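Asks: Take a look at entry_33.txt, compact mmCIF, C-alpha atoms and all ligand atoms:
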```txt
# COMPACT_ATOMS: atom_id res chain seq x y z
CA MET A 772 -209.56 106.52 3.43
CA ARG A 773 -208.36 102.95 3.60
CA LYS A 774 -209.44 100.68 6.40
CA LYS A 775 -207.45 100.11 9.56
CA ILE A 776 -207.71 96.45 10.45
CA VAL A 777 -206.57 94.15 13.23
CA ALA A 778 -207.06 90.51 12.25
CA GLY A 779 -206.34 87.43 14.34
CA ASN A 780 -205.08 84.20 12.85
CA TRP A 781 -205.76 81.43 15.33
CA LYS A 782 -203.80 78.88 13.24
CA MET A 783 -204.29 75.28 14.52
CA ASN A 784 -205.04 76.31 18.09
CA LEU A 785 -208.08 76.06 20.39
CA ASN A 786 -210.72 73.36 20.34
CA LEU A 787 -214.28 74.34 19.45
CA GLN A 788 -215.31 75.15 23.02
CA GLU A 789 -212.17 77.20 23.64
CA GLY A 790 -212.68 79.06 20.37
CA VAL A 791 -216.29 79.90 21.20
CA ALA A 792 -215.19 81.08 24.66
CA LEU A 793 -212.51 83.36 23.16
CA ALA A 794 -214.91 84.82 20.59
CA THR A 795 -217.51 85.40 23.33
CA GLU A 796 -214.96 87.14 25.54
CA LEU A 797 -213.79 89.34 22.66
CA LYS A 798 -217.37 90.22 21.78
CA ALA A 799 -218.00 91.42 25.35
CA ALA A 800 -214.72 93.36 25.46
CA LEU A 801 -215.49 95.19 22.20
CA ALA A 802 -219.12 95.82 23.17
CA ALA A 803 -217.85 97.53 26.33
CA ASP A 804 -215.17 99.50 24.49
CA ALA A 805 -215.75 99.94 20.76
CA PRO A 806 -212.68 99.58 18.52
CA ASN A 807 -211.27 102.31 16.29
CA CYS A 808 -210.52 99.81 13.53
CA ASP A 809 -212.06 96.83 11.80
CA VAL A 810 -211.58 93.62 13.77
CA VAL A 811 -211.50 90.17 12.16
CA ILE A 812 -210.89 86.74 13.64
CA CYS A 813 -209.76 83.94 11.36
CA THR A 814 -210.41 80.51 12.81
CA PRO A 815 -210.02 76.86 11.91
CA PHE A 816 -212.78 75.64 9.56
CA ILE A 817 -214.54 73.66 12.26
CA HIS A 818 -215.10 76.79 14.36
CA LEU A 819 -216.56 78.96 11.65
CA ALA A 820 -220.26 78.17 11.70
CA THR A 821 -220.50 78.28 15.49
CA VAL A 822 -218.35 81.39 15.91
CA ALA A 823 -220.40 83.06 13.16
CA GLY A 824 -223.39 82.80 15.49
CA VAL A 825 -221.39 84.35 18.34
CA VAL A 826 -220.15 87.37 16.39
CA GLU A 827 -223.27 87.99 14.28
CA GLY A 828 -224.46 91.57 14.61
CA THR A 829 -221.21 92.68 16.29
CA VAL A 830 -218.23 94.63 14.94
CA ILE A 831 -216.23 91.40 14.67
CA GLY A 832 -215.67 90.01 11.18
CA LEU A 833 -214.97 86.33 10.62
CA GLY A 834 -212.61 84.54 8.29
CA ALA A 835 -211.12 81.15 7.44
CA GLU A 836 -207.38 80.46 7.34
CA ASN A 837 -207.39 78.76 3.95
CA CYS A 838 -209.68 77.38 1.26
CA ALA A 839 -209.38 74.88 -1.56
CA ASP A 840 -208.02 75.61 -5.02
CA LYS A 841 -210.91 73.66 -6.56
CA GLU A 842 -214.54 74.65 -6.83
CA LYS A 843 -216.10 71.41 -5.55
CA GLY A 844 -216.13 67.66 -5.98
CA ALA A 845 -213.99 64.67 -5.09
CA TYR A 846 -211.27 66.39 -3.03
CA THR A 847 -211.48 64.54 0.27
CA GLY A 848 -210.71 66.70 3.27
CA GLU A 849 -210.71 70.00 1.41
CA VAL A 850 -213.00 72.97 2.14
CA SER A 851 -214.16 75.16 -0.72
CA ALA A 852 -214.53 78.94 -0.81
CA ALA A 853 -218.30 78.47 -1.24
CA GLN A 854 -218.40 76.29 1.87
CA VAL A 855 -216.46 78.90 3.84
CA LYS A 856 -218.86 81.59 2.67
CA SER A 857 -221.88 79.49 3.63
CA THR A 858 -220.80 79.50 7.30
CA GLY A 859 -221.26 83.26 7.46
CA ALA A 860 -217.54 84.06 7.15
CA GLN A 861 -216.61 87.12 5.09
CA TYR A 862 -212.83 86.70 4.85
CA VAL A 863 -210.21 84.10 4.04
CA ILE A 864 -206.45 84.19 4.65
CA LEU A 865 -204.54 82.90 1.61
CA GLY A 866 -200.83 82.50 0.98
CA HIS A 867 -199.76 82.29 4.60
CA SER A 868 -196.07 81.36 4.75
CA GLU A 869 -196.93 78.22 6.73
CA ARG A 870 -199.16 77.07 3.85
CA ARG A 871 -196.48 77.94 1.30
CA ALA A 872 -193.70 76.21 3.26
CA TYR A 873 -195.41 73.12 4.72
CA TYR A 874 -198.15 72.40 2.17
CA GLY A 875 -196.40 73.31 -1.05
CA GLU A 876 -198.72 76.14 -2.03
CA THR A 877 -197.27 77.76 -5.12
CA ALA A 878 -198.08 81.12 -6.66
CA GLU A 879 -200.14 79.28 -9.28
CA ILE A 880 -202.22 77.36 -6.68
CA LEU A 881 -202.74 80.57 -4.74
CA LYS A 882 -203.94 82.32 -7.87
CA GLU A 883 -206.71 79.69 -8.17
CA LYS A 884 -207.61 80.08 -4.50
CA VAL A 885 -207.78 83.86 -4.77
CA ASN A 886 -210.01 83.65 -7.84
CA LEU A 887 -212.39 81.20 -6.16
CA ALA A 888 -212.50 83.19 -2.92
CA LEU A 889 -213.36 86.40 -4.77
CA ALA A 890 -215.89 84.64 -6.99
CA ASN A 891 -217.64 83.47 -3.83
CA GLY A 892 -217.79 86.92 -2.31
CA LEU A 893 -215.02 86.52 0.25
CA LYS A 894 -212.47 89.22 1.00
CA VAL A 895 -208.95 87.83 0.82
CA ILE A 896 -206.20 88.55 3.33
CA PHE A 897 -203.25 87.71 1.09
CA CYS A 898 -199.94 87.06 2.87
CA ILE A 899 -196.51 87.78 1.47
CA GLY A 900 -193.07 87.90 3.04
CA GLU A 901 -189.47 86.80 2.75
CA VAL A 902 -187.47 84.24 4.73
CA LEU A 903 -184.38 85.24 6.72
CA GLU A 904 -181.82 84.23 4.07
CA GLU A 905 -183.64 86.34 1.50
CA ARG A 906 -183.58 89.37 3.78
CA GLU A 907 -179.92 88.82 4.62
CA ALA A 908 -179.19 88.73 0.89
CA GLY A 909 -181.11 92.00 0.42
CA LYS A 910 -183.66 90.24 -1.78
CA GLN A 911 -186.82 90.98 0.22
CA ASN A 912 -188.33 93.40 -2.29
CA GLU A 913 -187.67 91.05 -5.20
CA VAL A 914 -189.27 88.12 -3.32
CA VAL A 915 -192.34 90.04 -2.19
CA GLY A 916 -192.74 91.64 -5.62
CA ALA A 917 -192.72 88.18 -7.22
CA GLN A 918 -195.28 86.87 -4.70
CA LEU A 919 -197.63 89.74 -5.58
CA ALA A 920 -197.13 89.34 -9.32
CA GLY A 921 -197.38 85.54 -9.22
CA SER A 922 -200.84 85.37 -7.66
CA LEU A 923 -202.57 88.76 -7.97
CA TYR A 924 -201.58 90.44 -11.21
CA ASP A 925 -204.31 88.83 -13.31
CA LEU A 926 -206.94 90.48 -11.13
CA THR A 927 -208.81 93.58 -12.22
CA ALA A 928 -208.58 96.83 -10.29
CA GLU A 929 -212.16 96.18 -9.18
CA GLN A 930 -211.24 92.74 -7.79
CA MET A 931 -208.20 94.20 -6.01
CA LYS A 932 -210.57 96.23 -3.86
CA ASN A 933 -211.44 92.97 -2.08
CA ILE A 934 -207.81 92.12 -1.33
CA ILE A 935 -206.14 93.02 1.95
CA LEU A 936 -202.39 92.45 1.97
CA ALA A 937 -200.46 91.16 4.95
CA TYR A 938 -196.69 91.56 4.99
CA GLU A 939 -195.35 88.84 7.25
CA PRO A 940 -191.58 88.46 7.23
CA VAL A 941 -191.16 84.75 7.91
CA TRP A 942 -188.26 85.38 10.30
CA ALA A 943 -190.62 87.39 12.54
CA ILE A 944 -193.45 84.85 12.74
CA GLY A 945 -193.71 83.21 16.15
CA THR A 946 -190.07 84.06 16.89
CA GLY A 947 -190.59 87.02 19.19
CA LYS A 948 -188.39 88.96 16.76
CA THR A 949 -190.49 91.71 15.17
CA ALA A 950 -189.45 93.73 12.19
CA THR A 951 -188.64 97.26 13.29
CA SER A 952 -191.31 99.79 12.45
CA ASP A 953 -188.93 101.26 9.88
CA GLN A 954 -188.40 97.87 8.22
CA ALA A 955 -192.18 97.42 8.10
CA GLN A 956 -192.71 100.89 6.67
CA ASP A 957 -190.03 100.41 4.00
CA MET A 958 -191.62 97.18 2.81
CA HIS A 959 -195.19 98.47 3.01
CA ALA A 960 -194.23 101.52 0.96
CA PHE A 961 -192.58 99.25 -1.61
CA ILE A 962 -195.71 97.06 -1.76
CA ARG A 963 -197.99 100.07 -2.18
CA GLY A 964 -195.72 101.32 -4.96
CA GLU A 965 -195.96 97.98 -6.77
CA ILE A 966 -199.76 97.98 -6.43
CA CYS A 967 -199.81 101.54 -7.76
CA LYS A 968 -197.72 100.57 -10.81
CA LYS A 969 -199.96 97.62 -11.60
CA PHE A 970 -203.45 98.80 -10.58
CA GLY A 971 -203.17 102.58 -10.33
CA ALA A 972 -203.04 105.13 -7.54
CA GLU A 973 -206.66 104.83 -6.46
CA VAL A 974 -206.40 101.08 -5.77
CA ALA A 975 -202.99 101.50 -4.11
CA GLU A 976 -204.34 104.18 -1.78
CA GLN A 977 -207.34 102.02 -0.86
CA THR A 978 -205.50 98.76 -0.23
CA SER A 979 -204.97 98.01 3.45
CA ILE A 980 -201.54 96.52 4.13
CA LEU A 981 -201.23 94.74 7.48
CA TYR A 982 -198.03 93.80 9.28
CA GLY A 983 -197.68 90.34 10.82
CA GLY A 984 -194.95 88.73 12.89
CA SER A 985 -194.62 88.81 16.70
CA CYS A 986 -196.98 91.77 16.96
CA LYS A 987 -197.89 92.43 20.62
CA PRO A 988 -199.63 95.13 22.65
CA SER A 989 -196.18 96.50 23.53
CA ASN A 990 -195.00 97.05 19.94
CA ALA A 991 -198.25 97.53 18.00
CA LYS A 992 -198.51 101.28 18.52
CA ASP A 993 -195.04 101.91 17.14
CA ILE A 994 -195.61 99.67 14.11
CA PHE A 995 -199.11 101.07 13.41
CA SER A 996 -197.79 104.64 13.62
CA LYS A 997 -196.12 104.26 10.22
CA PRO A 998 -198.00 105.79 7.30
CA ASP A 999 -198.19 102.65 5.14
CA VAL A 1000 -199.01 100.22 7.96
CA ASP A 1001 -202.78 99.84 8.16
CA GLY A 1002 -202.97 97.30 10.96
CA GLY A 1003 -201.83 93.83 11.89
CA LEU A 1004 -202.32 90.13 11.29
CA ILE A 1005 -201.83 88.61 14.70
CA GLY A 1006 -200.92 85.01 15.55
CA GLY A 1007 -199.99 84.12 19.13
CA ALA A 1008 -201.32 87.34 20.66
CA ALA A 1009 -204.75 86.74 19.07
CA LEU A 1010 -205.25 83.70 21.33
CA LYS A 1011 -205.66 85.79 24.49
CA CYS A 1012 -208.48 88.32 24.57
CA ALA A 1013 -206.51 90.86 26.62
CA ASP A 1014 -203.52 90.74 24.27
CA PHE A 1015 -205.63 90.97 21.12
CA LYS A 1016 -207.66 93.82 22.62
CA GLY A 1017 -204.39 95.52 23.57
CA ILE A 1018 -203.32 95.45 19.93
CA ILE A 1019 -206.75 96.70 18.77
CA ASP A 1020 -206.38 99.55 21.27
CA ALA A 1021 -203.10 100.57 19.64
CA TRP A 1022 -205.33 102.42 17.16
CA LYS A 1023 -206.66 104.61 19.94
CA ALA A 1024 -205.04 107.94 20.73
P1 LIG B 1101 -197.24 85.55 15.37
O1 LIG B 1101 -198.02 86.82 15.73
O2 LIG B 1101 -197.49 84.43 16.33
O3 LIG B 1101 -195.79 85.85 15.15
O4 LIG B 1101 -197.82 85.03 13.99
C1 LIG B 1101 -197.99 85.92 12.94
C2 LIG B 1101 -198.76 85.25 11.86
O5 LIG B 1101 -198.25 84.33 11.23
C3 LIG B 1101 -200.12 85.69 11.60
O6 LIG B 1101 -200.61 85.16 10.41
```
Just give me the structure of the file as structure tokens.
Replies:
Amino acid sequence: MRKKIVAGNWKMNLNLQEGVALATELKAALAADAPNCDVVICTPFIHLATVAGVVEGTVIGLGAENCADKEKGAYTGEVSAAQVKSTGAQYVILGHSERRAYYGETAEILKEKVNLALANGLKVIFCIGEVLEEREAGKQNEVVGAQLAGSLYDLTAEQMKNIILAYEPVWAIGTGKTATSDQAQDMHAFIRGEICKKFGAEVAEQTSILYGGSCKPSNAKDIFSKPDVDGGLIGGAALKCADFKGIIDAWKA
């Protein structure tokens, strides 16, 4: 059985005190009403060590939103996978479309990041997804297939077990325009098929594939009801405890 996961991506929001307050509120909410899925919050680097103390011993997992493509050394301002791991975090988001679009992260750079994250014992939430023009041209499968192949296909089947995929159509991120549950299912099934071809049926069946893009309490249940959708990667709605909890609760009957 593959894992059902709801992960929050705080992006560049919340100062340290606000982040600690949100994590503390979420911890209380999930202690009072245990989730039916894995829950992860991915925070800015500066929050990690402090939030790790808040969520320690709870059901809440912790991740970073990025890490460096170099192991260590003279890379001013960068944060390595080993440094992320040393905060107590267990996850790292890599390949987010905002990193690809605004910071020039190529498939090759992401391959390095994935390798370093895995080598340092982090689980990777690897994001893929097409932009609007690509979808309008019917090229979404080609684009997503190339993103998978470009950064993940040198991994072994064993390493793939530490990869969670997140399909985030760029046109749905922060726009209020979600993919329909059928669009999500079609893409997730395609992705699982590609993983099956490359890594075999066992890995494909075990790989959690999350949907991301304007996911809210009001649409999460419909999206999560699809057989190949194993949860969500949540941006805006992860910044309010009640909204994030509402999405987590979409996994309840
Ligand atoms: P929104 O939920 O704000 O659309 O963001 C999705 C996302 O990019 C998560 O990584």
Asks: Write out as a list in words each polymer residue whose atoms come within 6 Å of region 891-906 of chain A, counting only C-alpha atoms; drop sequence neighbours fewer than 3 positions from it.
Replies: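 Residues meeting the cut-off are Ala853, Gln861, Tyr862, Val863, Ile864, Leu865, Gly866, His867, Ala888, Gly909, Lys910, Gln911, Val915, Asn933, Ile934, Ile935, Leu936, Ala937, Tyr938, Glu939, Pro940, Val941 and Trp942 of chain A.
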Asks: How would you write, as a PyMOL selection string, the set of residues no farther than 9 Å from ligand LIG 1101 (chain B) when counting only C-alpha atoms and all ligand atoms?
Replies: chain A and resi 778-782+836+864+867-869+898+937+939-949+982-987+1003-1009
Asks: Can you pull out every residue within 12 Å of Gln854 (chain A), counting only C-alpha atoms, but drop anything in the same chain fewer than 3 positions away, and send it as a PyMOL selection string?
Replies: chain A and resi 816-817+819-820+834-835+837-839+841-844+849-851+857-861+863+887-888+891-893
Asks: Using all atoms listed in the file, what residues lie at most 12 Å away from (-196.7, 104.2, 14.2) (file coordinates), given as a PyMOL selection string?
Replies: chain A and resi 951-953+955-956+982+990-1003+1021-1024
Asks: Taking into account all atoms listed in the file, which residue in the set A:Ala878, A:Ala917, A:Ala805, A:Ile962 is nearest to Glu976 (chain A)?
Replies: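 Smallest separation from Glu976 (chain A) among the options: A:Ile962.
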Asks: Please measure the separation of CA of Gly828 (chain A) and CA of Leu801 (chain A), giving the value in Å to one decimal.
Replies: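 So the two atoms, CA of Gly828 (chain A) and CA of Leu801 (chain A), lie 12.3 Å apart.
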Asks: Do you have, as CSV, the list of residues of region 854-894 of chain A lying at most 9 Å from region 924-930 of chain A, each with its nearest atom pair and that distance in Å to one decimal, counting all atoms listed in the file and ordered by chain then number?
Replies:
```
residue,atom,partner,partner_atom,distance
A:Lys882,CA,A:Asp925,CA,8.5
A:Asn886,CA,A:Leu926,CA,8.2
A:Leu889,CA,A:Gln930,CA,7.3
```
Asks: If we count only C-alpha atoms and set the cut-off at 9 Å, which residues sit around Glu965 (chain A), ignoring sequence neighbours fewer than 5 positions away in its own chain? Please answer as a ChimeraX atom specification.
Replies: /A:916,919,960,970,975
Asks: Can you tell me, as a PyMOL selection string, what residues are no more than 6 Å from Val811 (chain A) when counting all atoms listed in the file, ignoring any on the same chain fewer than 2 positions away?
Replies: chain A and resi 778+831-833
Asks: Rank A:Leu787, A:Ala845, A:Ala890, A:Leu797 by their smallest atom-to-atom distance to Thr821 (chain A), using all atoms listed in the file, and report the top residue only.
Replies: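 Looking only at the distances to Thr821 (chain A), the closest residue turns out to be A:Leu787.
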Asks: Take CA of Asp840 (chain A) and CA of Glu883 (chain A) and report the distance between them in Å, one decimal.
Replies: 5.3 Å
Asks: What's the separation between CA of Gly921 (chain A) and CA of Leu881 (chain A), in Å to one decimal place?
Replies: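 Value for the CA of Gly921 (chain A)-CA of Leu881 (chain A) distance: 8.6 Å.
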Asks: Hey, which of A:Val825, A:Cys808, A:Ala852, A:Val914 ends up closest to Ala792 (chain A)? Count only C-alpha atoms.
Replies: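 So, comparing all the options, the nearest one is A:Val825.
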Asks: Quick one: of A:Glu789, A:Asp804, A:Pro988, A:Ala908, who's nearest to Ala1013 (chain A), counting only C-alpha atoms?
Replies: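 Nearest to Ala1013 (chain A): A:Pro988.
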